[in-house]
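Raw contents of query_7.cif, mmCIF, C-alpha atoms and all ligand atoms:
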data_coords
#
loop_
_atom_site.label_atom_id
_atom_site.label_comp_id
_atom_site.auth_asym_id
_atom_site.auth_seq_id
_atom_site.Cartn_x
_atom_site.Cartn_y
_atom_site.Cartn_z
CA MET U 1080 -42.31 -34.77 -49.29
CA SER U 1081 -42.98 -31.87 -46.96
CA PRO U 1082 -41.63 -28.56 -48.27
CA HIS U 1083 -40.02 -27.98 -44.84
CA LYS U 1084 -36.35 -28.62 -45.52
CA ARG U 1085 -33.29 -26.75 -44.45
CA SER U 1086 -30.63 -28.21 -46.74
CA ARG U 1087 -30.47 -27.82 -50.51
CA TYR U 1088 -33.30 -29.45 -52.47
CA SER U 1089 -32.19 -32.35 -54.66
CA GLU U 1090 -33.66 -33.17 -58.07
CA SER U 1091 -35.95 -35.78 -56.52
CA ASP U 1092 -37.04 -33.31 -53.81
CA CYS U 1093 -37.82 -30.77 -56.50
CA LEU U 1094 -39.90 -33.31 -58.41
CA GLU U 1095 -41.89 -34.18 -55.32
CA LEU U 1096 -42.58 -30.52 -54.63
CA LEU U 1097 -43.85 -30.03 -58.17
CA LYS U 1098 -46.01 -33.14 -58.16
CA ASP U 1099 -47.25 -33.68 -54.63
CA ALA U 1100 -46.60 -30.95 -52.06
CA PRO U 1101 -49.81 -29.43 -50.65
CA LEU U 1102 -50.00 -26.01 -52.31
CA GLY U 1103 -50.79 -24.05 -49.15
CA GLU U 1104 -47.83 -25.56 -47.31
CA LEU U 1105 -45.57 -25.02 -50.31
CA MET U 1106 -46.57 -21.35 -50.61
CA SER U 1107 -46.01 -20.77 -46.93
CA GLU U 1108 -42.54 -22.34 -46.99
CA ALA U 1109 -41.54 -20.43 -50.12
CA HIS U 1110 -42.81 -17.20 -48.58
CA ALA U 1111 -40.54 -17.82 -45.58
CA ALA U 1112 -37.62 -18.61 -47.92
CA ARG U 1113 -38.17 -15.31 -49.69
CA PHE U 1114 -37.62 -13.44 -46.43
CA VAL U 1115 -34.31 -15.23 -45.93
CA ARG U 1116 -33.08 -13.60 -49.17
CA GLN U 1117 -35.03 -10.32 -49.15
CA GLN U 1118 -35.65 -9.39 -45.57
CA GLU U 1119 -37.68 -6.23 -46.13
CA ASN U 1120 -41.42 -6.53 -46.69
CA VAL U 1121 -40.92 -4.90 -50.08
CA VAL U 1122 -42.09 -5.93 -53.54
CA THR U 1123 -40.31 -4.26 -56.41
CA PHE U 1124 -41.46 -3.29 -59.89
CA LEU U 1125 -39.77 -1.82 -62.93
CA VAL U 1126 -40.86 0.81 -65.42
CA ASP U 1127 -39.99 -0.68 -68.77
CA THR U 1128 -41.00 -0.89 -72.38
CA ASN U 1129 -40.47 -3.69 -74.85
CA PRO U 1130 -40.26 -2.48 -78.44
CA ASN U 1131 -39.26 -5.05 -81.06
CA TYR U 1132 -36.86 -4.04 -83.79
CA SER U 1133 -38.16 -6.71 -86.18
CA ASN U 1134 -40.79 -9.46 -86.34
CA ILE U 1135 -39.27 -11.09 -89.43
CA CYS U 1136 -37.92 -14.42 -88.33
CA SER U 1137 -36.23 -17.39 -89.94
CA THR U 1138 -36.40 -19.58 -86.81
CA ARG U 1139 -40.21 -19.87 -86.64
CA CYS U 1140 -40.76 -21.53 -83.30
CA ARG U 1141 -43.99 -23.52 -83.02
CA PHE U 1142 -45.09 -21.77 -79.84
CA CYS U 1143 -44.67 -18.27 -81.27
CA ALA U 1144 -47.41 -16.12 -82.82
CA PHE U 1145 -45.14 -13.11 -83.22
CA TRP U 1146 -42.98 -13.99 -86.20
CA ARG U 1147 -43.73 -12.97 -89.80
CA HIS U 1148 -42.39 -13.72 -93.26
CA GLU U 1149 -40.56 -10.87 -94.96
CA ASP U 1150 -43.47 -10.29 -97.40
CA ASP U 1151 -46.33 -10.52 -94.88
CA PRO U 1152 -48.37 -7.31 -94.82
CA ASP U 1153 -47.69 -6.80 -91.11
CA ALA U 1154 -43.96 -7.63 -91.29
CA GLU U 1155 -42.00 -4.84 -89.66
CA ARG U 1156 -38.31 -3.98 -89.41
CA LEU U 1157 -37.63 -0.69 -87.64
CA SER U 1158 -34.89 1.78 -88.37
CA ALA U 1159 -32.86 3.15 -85.45
CA GLU U 1160 -34.78 6.44 -85.70
CA GLU U 1161 -38.16 4.66 -85.67
CA LEU U 1162 -37.09 2.75 -82.58
CA ALA U 1163 -35.91 5.90 -80.83
CA SER U 1164 -39.19 7.64 -81.63
CA ARG U 1165 -41.04 4.88 -79.72
CA ILE U 1166 -38.87 5.48 -76.67
CA ARG U 1167 -39.07 9.30 -76.55
CA PRO U 1168 -42.62 9.47 -75.15
CA VAL U 1169 -41.67 7.39 -72.09
CA ALA U 1170 -38.38 9.14 -71.34
CA GLU U 1171 -40.19 11.60 -69.07
CA LEU U 1172 -40.99 8.77 -66.64
CA GLY U 1173 -37.49 8.83 -65.15
CA LYS U 1174 -35.36 5.69 -65.19
CA VAL U 1175 -36.90 3.46 -67.84
CA THR U 1176 -35.57 0.10 -69.02
CA VAL U 1177 -35.84 -0.68 -72.70
CA LEU U 1178 -36.10 -4.44 -73.05
CA LEU U 1179 -34.96 -4.66 -76.65
CA GLN U 1180 -35.61 -7.88 -78.49
CA GLY U 1181 -36.55 -8.92 -81.97
CA ALA U 1182 -36.99 -11.94 -84.16
CA HIS U 1183 -34.14 -13.76 -85.89
CA ASP U 1184 -34.07 -11.47 -88.89
CA PRO U 1185 -31.33 -12.32 -91.42
CA ASP U 1186 -31.32 -8.71 -92.64
CA VAL U 1187 -30.45 -7.17 -89.28
CA SER U 1188 -26.69 -6.96 -88.73
CA LEU U 1189 -24.49 -6.27 -85.71
CA LYS U 1190 -24.01 -2.76 -87.10
CA ASP U 1191 -27.82 -2.33 -87.00
CA TRP U 1192 -27.91 -3.56 -83.39
CA ILE U 1193 -25.28 -1.01 -82.44
CA GLU U 1194 -27.21 1.74 -84.22
CA TYR U 1195 -30.35 0.72 -82.31
CA ILE U 1196 -28.50 0.85 -79.00
CA ARG U 1197 -26.92 4.23 -79.71
CA ALA U 1198 -30.22 5.72 -80.90
CA ILE U 1199 -32.02 4.56 -77.75
CA GLN U 1200 -29.21 5.71 -75.47
CA ALA U 1201 -29.32 9.13 -77.16
CA VAL U 1202 -32.94 9.57 -76.04
CA GLY U 1203 -31.82 10.30 -72.50
CA SER U 1204 -29.29 9.40 -69.83
CA ASP U 1205 -31.99 7.72 -67.69
CA ILE U 1206 -32.76 5.16 -70.38
CA HIS U 1207 -31.24 1.73 -69.68
CA VAL U 1208 -30.94 -0.61 -72.67
CA HIS U 1209 -31.46 -4.27 -71.71
CA PRO U 1210 -31.06 -6.09 -75.02
CA PHE U 1211 -30.91 -9.44 -76.78
CA SER U 1212 -31.53 -12.89 -75.34
CA PRO U 1213 -29.04 -15.78 -75.83
CA PRO U 1214 -30.73 -17.19 -78.99
CA GLU U 1215 -30.49 -13.72 -80.58
CA ILE U 1216 -26.81 -13.50 -79.62
CA LEU U 1217 -26.17 -16.91 -81.20
CA PHE U 1218 -28.13 -16.02 -84.32
CA MET U 1219 -26.17 -12.80 -84.70
CA ALA U 1220 -22.88 -14.65 -84.15
CA GLN U 1221 -23.79 -17.02 -86.96
CA GLN U 1222 -24.82 -14.16 -89.25
CA GLU U 1223 -21.62 -12.24 -88.61
CA ASN U 1224 -19.34 -15.29 -88.64
CA LYS U 1225 -18.16 -14.41 -85.15
CA SER U 1226 -18.29 -16.16 -81.79
CA ALA U 1227 -21.02 -15.43 -79.24
CA LYS U 1228 -18.26 -14.02 -77.02
CA GLU U 1229 -17.25 -11.52 -79.70
CA ILE U 1230 -20.88 -10.36 -80.04
CA LEU U 1231 -21.20 -10.04 -76.26
CA GLU U 1232 -17.95 -8.06 -76.09
CA ALA U 1233 -19.11 -5.72 -78.86
CA LEU U 1234 -22.31 -5.00 -76.88
CA TRP U 1235 -20.31 -4.53 -73.67
CA ASP U 1236 -18.25 -1.91 -75.51
CA GLU U 1237 -21.53 -0.05 -76.17
CA GLY U 1238 -22.14 0.17 -72.43
CA ILE U 1239 -24.59 -2.73 -72.17
CA ARG U 1240 -24.43 -4.30 -68.71
CA THR U 1241 -27.60 -6.38 -68.34
CA MET U 1242 -29.27 -8.93 -70.59
CA PRO U 1243 -32.69 -10.60 -70.60
CA GLY U 1244 -32.88 -14.34 -70.05
CA GLY U 1245 -35.43 -14.98 -72.78
CA GLY U 1246 -35.42 -17.91 -75.16
CA ALA U 1247 -34.72 -20.42 -72.40
CA GLU U 1248 -38.23 -21.93 -72.81
CA VAL U 1249 -37.45 -25.27 -71.11
CA LEU U 1250 -33.75 -26.11 -70.91
CA CYS U 1251 -34.22 -29.66 -72.13
CA ASP U 1252 -33.51 -30.62 -75.72
CA ARG U 1253 -36.42 -33.07 -75.98
CA VAL U 1254 -38.84 -30.22 -75.36
CA ARG U 1255 -36.91 -27.73 -77.48
CA SER U 1256 -36.91 -30.09 -80.47
CA GLU U 1257 -40.73 -30.19 -80.28
CA ILE U 1258 -41.57 -26.55 -79.66
CA ALA U 1259 -38.66 -24.71 -81.27
CA PRO U 1260 -36.70 -27.13 -83.47
CA ALA U 1261 -34.57 -24.43 -85.13
CA LYS U 1262 -33.67 -22.62 -81.94
CA CYS U 1263 -30.44 -23.15 -80.00
CA SER U 1264 -29.91 -26.13 -77.71
CA ALA U 1265 -30.15 -25.97 -73.93
CA ASP U 1266 -26.35 -26.26 -73.70
CA ALA U 1267 -25.90 -23.37 -76.12
CA TRP U 1268 -28.32 -21.12 -74.15
CA LEU U 1269 -26.47 -21.86 -70.93
CA SER U 1270 -23.09 -21.38 -72.58
CA VAL U 1271 -24.02 -17.89 -73.84
CA MET U 1272 -25.22 -16.99 -70.36
CA GLU U 1273 -22.02 -18.28 -68.78
CA GLN U 1274 -19.89 -16.30 -71.22
CA ALA U 1275 -22.00 -13.19 -70.59
CA HIS U 1276 -21.63 -13.63 -66.83
CA ASN U 1277 -17.88 -14.11 -67.19
CA ILE U 1278 -17.63 -10.82 -69.11
CA GLY U 1279 -19.52 -9.11 -66.29
CA TYR U 1280 -23.15 -8.97 -67.43
CA LEU U 1281 -25.98 -9.40 -64.98
CA THR U 1282 -28.91 -11.32 -66.43
CA THR U 1283 -32.26 -12.86 -65.72
CA ALA U 1284 -33.41 -16.39 -66.52
CA THR U 1285 -36.85 -17.39 -67.77
CA LEU U 1286 -38.96 -20.53 -68.03
CA MET U 1287 -41.90 -20.96 -70.39
CA PHE U 1288 -44.05 -23.83 -69.14
CA GLY U 1289 -47.53 -25.17 -69.77
CA HIS U 1290 -47.09 -26.92 -73.13
CA LEU U 1291 -45.37 -30.26 -73.86
CA GLU U 1292 -42.94 -30.38 -70.95
CA LYS U 1293 -42.97 -32.99 -68.18
CA ASP U 1294 -42.41 -32.18 -64.53
CA GLU U 1295 -39.02 -33.90 -64.75
CA GLU U 1296 -38.02 -31.44 -67.48
CA ILE U 1297 -38.94 -28.41 -65.37
CA VAL U 1298 -36.76 -29.91 -62.65
CA GLU U 1299 -33.91 -30.29 -65.15
CA HIS U 1300 -34.37 -26.63 -66.10
CA LEU U 1301 -34.23 -25.39 -62.52
CA ILE U 1302 -31.26 -27.53 -61.55
CA ARG U 1303 -29.26 -26.48 -64.61
CA LEU U 1304 -29.90 -22.81 -63.79
CA ARG U 1305 -28.91 -23.37 -60.17
CA ASP U 1306 -25.70 -25.14 -61.24
CA LEU U 1307 -24.75 -22.23 -63.50
CA GLN U 1308 -25.56 -19.72 -60.80
CA ASP U 1309 -23.26 -21.65 -58.43
CA ARG U 1310 -20.44 -21.02 -60.91
CA THR U 1311 -21.12 -17.40 -61.85
CA GLY U 1312 -23.54 -15.77 -59.38
CA ARG U 1313 -24.66 -13.28 -62.04
CA PHE U 1314 -28.34 -14.20 -62.42
CA LEU U 1315 -30.42 -11.52 -60.74
CA SER U 1316 -33.85 -13.08 -61.01
CA PHE U 1317 -35.92 -15.99 -62.23
CA ILE U 1318 -39.00 -15.24 -64.35
CA PRO U 1319 -41.44 -18.04 -65.17
CA TRP U 1320 -44.35 -17.52 -67.55
CA SER U 1321 -46.96 -19.79 -69.04
CA PHE U 1322 -47.45 -20.61 -72.73
CA LYS U 1323 -50.22 -18.57 -74.36
CA PRO U 1324 -51.73 -20.73 -77.09
CA GLY U 1325 -53.44 -18.16 -79.36
CA HIS U 1326 -52.54 -18.16 -83.07
CA SER U 1327 -49.43 -20.37 -82.86
CA ALA U 1328 -48.81 -23.75 -84.49
CA LEU U 1329 -48.45 -25.33 -81.05
CA SER U 1330 -51.96 -24.24 -80.06
CA GLU U 1331 -53.37 -27.14 -82.13
CA LEU U 1332 -51.73 -29.52 -79.65
CA VAL U 1333 -52.08 -27.33 -76.56
CA PRO U 1334 -55.28 -25.29 -76.92
CA ASP U 1335 -55.70 -24.28 -73.28
CA ARG U 1336 -53.78 -22.03 -70.95
CA THR U 1337 -52.27 -23.38 -67.76
CA HIS U 1338 -54.31 -22.99 -64.58
CA PRO U 1339 -53.08 -20.16 -62.32
CA ALA U 1340 -52.52 -22.67 -59.49
CA ARG U 1341 -49.77 -24.22 -61.60
CA TYR U 1342 -48.12 -20.83 -62.00
CA VAL U 1343 -48.20 -20.23 -58.26
CA ARG U 1344 -46.77 -23.70 -57.63
CA ILE U 1345 -43.89 -23.07 -60.03
CA ILE U 1346 -43.11 -19.74 -58.36
CA ALA U 1347 -43.00 -21.46 -54.97
CA VAL U 1348 -40.90 -24.40 -56.13
CA ALA U 1349 -38.49 -22.04 -57.88
CA ARG U 1350 -38.07 -19.93 -54.72
CA LEU U 1351 -37.21 -23.05 -52.72
CA VAL U 1352 -34.97 -24.78 -55.26
CA LEU U 1353 -33.17 -21.71 -56.71
CA ASP U 1354 -31.62 -20.97 -53.34
CA ASN U 1355 -28.82 -18.96 -55.00
CA PHE U 1356 -31.09 -16.61 -57.01
CA PRO U 1357 -31.63 -13.27 -55.25
CA HIS U 1358 -35.06 -12.60 -56.79
CA VAL U 1359 -38.08 -14.42 -58.19
CA GLN U 1360 -40.62 -12.56 -60.28
CA SER U 1361 -44.36 -13.02 -60.20
CA SER U 1362 -45.84 -11.17 -63.12
CA TRP U 1363 -49.21 -9.40 -63.23
CA PHE U 1364 -48.53 -9.11 -66.95
CA SER U 1365 -47.75 -12.64 -68.09
CA GLU U 1366 -50.47 -14.33 -66.04
CA SER U 1367 -53.10 -12.02 -64.56
CA GLU U 1368 -53.39 -9.47 -61.80
CA THR U 1369 -54.79 -12.18 -59.52
CA ALA U 1370 -52.26 -14.92 -60.28
CA GLY U 1371 -49.44 -12.37 -60.20
CA SER U 1372 -50.58 -11.15 -56.79
CA LEU U 1373 -50.87 -14.72 -55.47
CA GLY U 1374 -47.32 -15.38 -56.60
CA LEU U 1375 -46.20 -12.62 -54.23
CA LEU U 1376 -47.52 -14.83 -51.41
CA ALA U 1377 -45.63 -17.84 -52.75
CA GLY U 1378 -42.04 -16.64 -52.61
CA ALA U 1379 -41.80 -13.95 -55.29
CA ASP U 1380 -40.45 -10.52 -54.32
CA ASP U 1381 -40.67 -8.77 -57.70
CA PHE U 1382 -43.77 -7.88 -59.72
CA GLY U 1383 -42.02 -7.33 -63.05
CA GLY U 1384 -42.34 -4.42 -65.42
CA ILE U 1385 -45.08 -1.99 -66.35
CA LEU U 1386 -44.41 -2.88 -70.00
CA LEU U 1387 -45.51 0.33 -71.62
CA GLU U 1388 -45.19 -1.39 -75.01
CA GLU U 1389 -45.44 -5.15 -75.55
CA ASN U 1390 -46.02 -6.96 -78.84
CA VAL U 1391 -45.09 -10.63 -78.48
CA LEU U 1392 -47.96 -11.80 -76.26
CA ARG U 1393 -50.31 -9.31 -77.93
CA THR U 1394 -50.04 -11.39 -81.14
CA THR U 1395 -51.56 -14.37 -79.29
CA GLY U 1396 -54.62 -12.27 -78.51
CA TYR U 1397 -53.44 -11.77 -74.92
CA GLN U 1398 -53.44 -8.10 -73.89
CA ARG U 1399 -52.86 -6.39 -70.59
CA GLN U 1400 -52.48 -2.75 -69.67
CA MET U 1401 -51.09 -1.28 -66.51
CA THR U 1402 -50.11 1.98 -64.92
CA ILE U 1403 -47.59 2.73 -62.19
CA GLU U 1404 -50.48 3.67 -59.87
CA LYS U 1405 -52.27 0.35 -60.45
CA VAL U 1406 -49.12 -1.70 -59.83
CA ILE U 1407 -48.55 0.17 -56.57
CA GLU U 1408 -52.14 -0.55 -55.53
CA LEU U 1409 -51.87 -4.28 -56.37
CA ILE U 1410 -48.64 -4.66 -54.40
CA ARG U 1411 -50.13 -2.84 -51.42
CA ARG U 1412 -53.25 -5.02 -51.54
CA SER U 1413 -51.02 -8.09 -51.27
CA GLY U 1414 -49.56 -6.67 -48.07
CA PHE U 1415 -46.20 -5.32 -49.23
CA LEU U 1416 -44.48 -1.98 -49.55
CA PRO U 1417 -44.22 -1.18 -53.28
CA ALA U 1418 -40.80 -0.06 -54.50
CA ARG U 1419 -39.73 1.05 -57.93
CA ARG U 1420 -36.39 -0.45 -58.97
CA ASP U 1421 -33.95 -0.29 -61.86
CA SER U 1422 -32.60 -3.24 -63.87
CA PHE U 1423 -29.86 -3.84 -61.29
CA PHE U 1424 -32.50 -4.12 -58.53
CA ASN U 1425 -31.45 -0.82 -56.96
CA ILE U 1426 -34.48 0.69 -55.22
CA LEU U 1427 -35.32 4.09 -56.76
CA GLU U 1428 -38.40 5.02 -54.75
CA THR U 1429 -40.76 3.44 -52.22
CA TYR U 1430 -44.47 4.16 -51.90
CA PRO U 1431 -45.65 3.97 -48.29
CA SER U 1432 -49.44 4.26 -48.05
S1 LIG U 1501 -39.73 -16.96 -80.38
FE1 LIG U 1501 -38.25 -15.58 -81.34
S2 LIG U 1501 -36.97 -16.92 -82.58
FE2 LIG U 1501 -38.85 -18.07 -82.14
S3 LIG U 1501 -40.20 -17.62 -83.86
FE3 LIG U 1501 -40.71 -16.14 -82.26
S4 LIG U 1501 -39.46 -14.39 -82.82
FE4 LIG U 1501 -38.60 -16.10 -83.92
#
What is this structure when it is put down as structure tokens?
Amino acid sequence: MSPHKRSRYSESDCLELLKDAPLGELMSEAHAARFVRQQENVVTFLVDTNPNYSNICSTRCRFCAFWRHEDDPDAERLSAEELASRIRPVAELGKVTVLLQGAHDPDVSLKDWIEYIRAIQAVGSDIHVHPFSPPEILFMAQQENKSAKEILEALWDEGIRTMPGGGAEVLCDRVRSEIAPAKCSADAWLSVMEQAHNIGYLTTATLMFGHLEKDEEIVEHLIRLRDLQDRTGRFLSFIPWSFKPGHSALSELVPDRTHPARYVRIIAVARLVLDNFPHVQSSWFSESETAGSLGLLAGADDFGGILLEENVLRTTGYQRQMTIEKVIELIRRSGFLPARRDSFFNILETYPS
């Protein structure tokens, strides 16, 4: 099928785009679709940091190299003060988002979460806390013998207004049972997001591809996200990233990383199919500076975060470092006006050359 289509893409259209559409044509069409939603020739980025409050996890997903047993020498559970001390050095950078996530640690309570949030918020009024993906919310609900809605409401009462869309992996239970058998189901992930949206949260949605999933299952993922967005309209952006095999159990089955052309194709297909998502992110961080930049020519309008601290991918042996200046240069080189944004996608500053 040609990517040139003016009505909504069906599941079978989406599958054809993933499998067969010529990549150049697909990129060009997705690039045009991006300008329907974001008319300015702007690519945004975020200044953020991603400290983890704990790496001690009872869920132990097969794709994950981050988790540790309680008695492992490098197991770490931070106090609220330790967490705050990691944020203080970046507070001088103006509006900074703290993407706060951790493992499923049975010894971290809702009270601890609230202490973390308050300690980070106390660092400065420009700090925005963006915490806890749906599987963490569900894990905490189970720990506290509460509903997910009660946990979400408790966080709302702490002033939290945005949430990361992590832990979606592929929203298909066949895949989830293979790569993360103890994690929540696809229905449960979507249900937490729907409840969060109904409370008023704005969120992102992710996809982790490049392991055991089939094209049909990526289609299922995209269509389920689009259906939920039709109901709530509270997803701000879609963020795909590829599986990094290093040091995880799954790397025995999937030893190689996905080719960057696959990443670019997924960005383009997402931009066309997720016609109700305002933004699609192409990440210099999760893929590479080159693949991330190519994604900006395939429908993406956001370059992701600077990620001043990142630990999850680092445990796979995958490391990247970036500065605000370098991100600005990469966006300019791709032909766009760089713009720093906040977690609500408000533009804070633009950087004309
Ligand atoms: S992805 Fe999250 S829940 Fe799964 S093992 Fe890693 S830390 Fe635990």
When distances are computed from only C-alpha atoms and all ligand atoms, which of U:Arg1116, U:His1207, U:His1148, U:Arg1087 shows the smallest separation from ligand LIG 1501 (chain U)? U:His1148
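Interatomic distance, atom CA of Ile1193 of chain U to atom CA of Arg1139 of chain U: 24.4 Å.
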What does the list of residues within 10 Å of ligand LIG 1501 (chain U) look like if you count all atoms listed in the file, written as a ChimeraX atom specification? /U:1131,1133-1147,1180-1184,1212,1214-1215,1218,1245-1246,1248,1258-1263,1327,1391
Which one is closest to Val1126 of chain U: U:Arg1310, U:His1358, U:Lys1174, U:Lys1405? Count all atoms listed in the file. U:Lys1174
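What separates atom CA of Gly1383 of chain U from atom CA of Ser1362 of chain U is a distance of 5.4 Å.
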Counting only C-alpha atoms, figure out which residue out of U:Thr1429, U:Asn1277, U:Ser1330, U:Ser1422 gets nearest to Glu1119 of chain U. U:Thr1429
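For Met1242 of chain U, the set of protein, DNA and RNA residues having any atom at most 6 Å away, when counting only C-alpha atoms and skipping those fewer than 3 positions along the same chain, is His1209, Pro1210 and Thr1282 of chain U.
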Atom CA of Ser1158 of chain U to atom CA of Glu1194 of chain U measures 8.7 Å
Give me, as CSV, each residue of segment 1228-1295 of chain U that comes within 7 Å of segment 1313-1319 of chain U, together with its shortest interatomic pair and the distance in Å at one decimal, counting all atoms listed in the file, with rows ordered by chain and rising residue number.
residue,atom,partner,partner_atom,distance
U:His1276,CA,U:Arg1313,CA,5.7
U:Leu1281,CA,U:Arg1313,CA,5.0
U:Thr1282,CA,U:Phe1314,CA,5.0
U:Thr1283,CA,U:Ser1316,CA,5.0
U:Ala1284,CA,U:Phe1317,CA,5.0
U:Thr1285,CA,U:Ile1318,CA,4.6
U:Leu1286,CA,U:Pro1319,CA,4.5
U:Met1287,CA,U:Pro1319,CA,6.0
Given the selection you just returned, output its residues as a file containing C-alpha atoms, formatted as a JSON list (two decimals), keeping the file's coordinate frame.
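The file below, part-v7.json, is the result:
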[["chain", "number", "residue", "atom", "x", "y", "z"],
["U", 1276, "HIS", "CA", -21.63, -13.63, -66.83],
["U", 1281, "LEU", "CA", -25.98, -9.40, -64.98],
["U", 1282, "THR", "CA", -28.91, -11.32, -66.43],
["U", 1283, "THR", "CA", -32.26, -12.86, -65.72],
["U", 1284, "ALA", "CA", -33.41, -16.39, -66.52],
["U", 1285, "THR", "CA", -36.85, -17.39, -67.77],
["U", 1286, "LEU", "CA", -38.96, -20.53, -68.03],
["U", 1287, "MET", "CA", -41.90, -20.96, -70.39]]
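If you count all atoms listed in the file and ignore residues fewer than 3 places along the chain from Asp1421 of chain U, what sits within 9 Å of it is Phe1124, Leu1125, Val1126, Lys1174, Val1175, Thr1176, His1207, Phe1424, Asn1425, Ile1426 and Leu1427 of chain U.
If only C-alpha atoms are the atoms counted, then among U:Ile1206, U:Ser1432, U:Ser1270, U:Met1106 the closest residue to Ile1345 of chain U is U:Met1106.
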Excluding same-chain residues fewer than 4 positions from His1300 of chain U, what lies within 10 Å of it counting all atoms listed in the file, as a list in words? Ala1247, Glu1248, Val1249, Leu1250, Cys1251, Ala1265, Thr1285, Leu1286, Asp1294, Glu1295, Glu1296, Leu1304 and Arg1305 of chain U
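For the choices U:Ala1100, U:Asn1355, U:Leu1234, U:Val1177, the atom-to-atom distance to Asp1191 of chain U is smallest for U:Leu1234 when using all atoms listed in the file.
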Option closest in space to Tyr1088 of chain U, from U:Asp1354, U:Glu1388, U:Glu1408, U:Glu1292 [counting only C-alpha atoms]: U:Asp1354
If we count all atoms listed in the file and set the cut-off at 12 Å, which residues sit around His1338 of chain U, ignoring sequence neighbours fewer than 4 positions away in its own chain? Please answer as number ranges by chain. U: 1288-1290, 1320-1323, 1342-1345, 1366-1367, 1369-1370
Within 9 Å of Trp1235 of chain U, counting only C-alpha atoms, which residues qualify if same-chain residues fewer than 3 places away don't, as a VMD selection string? chain U and resid 1230 to 1232 1238 to 1240 1278 to 1280
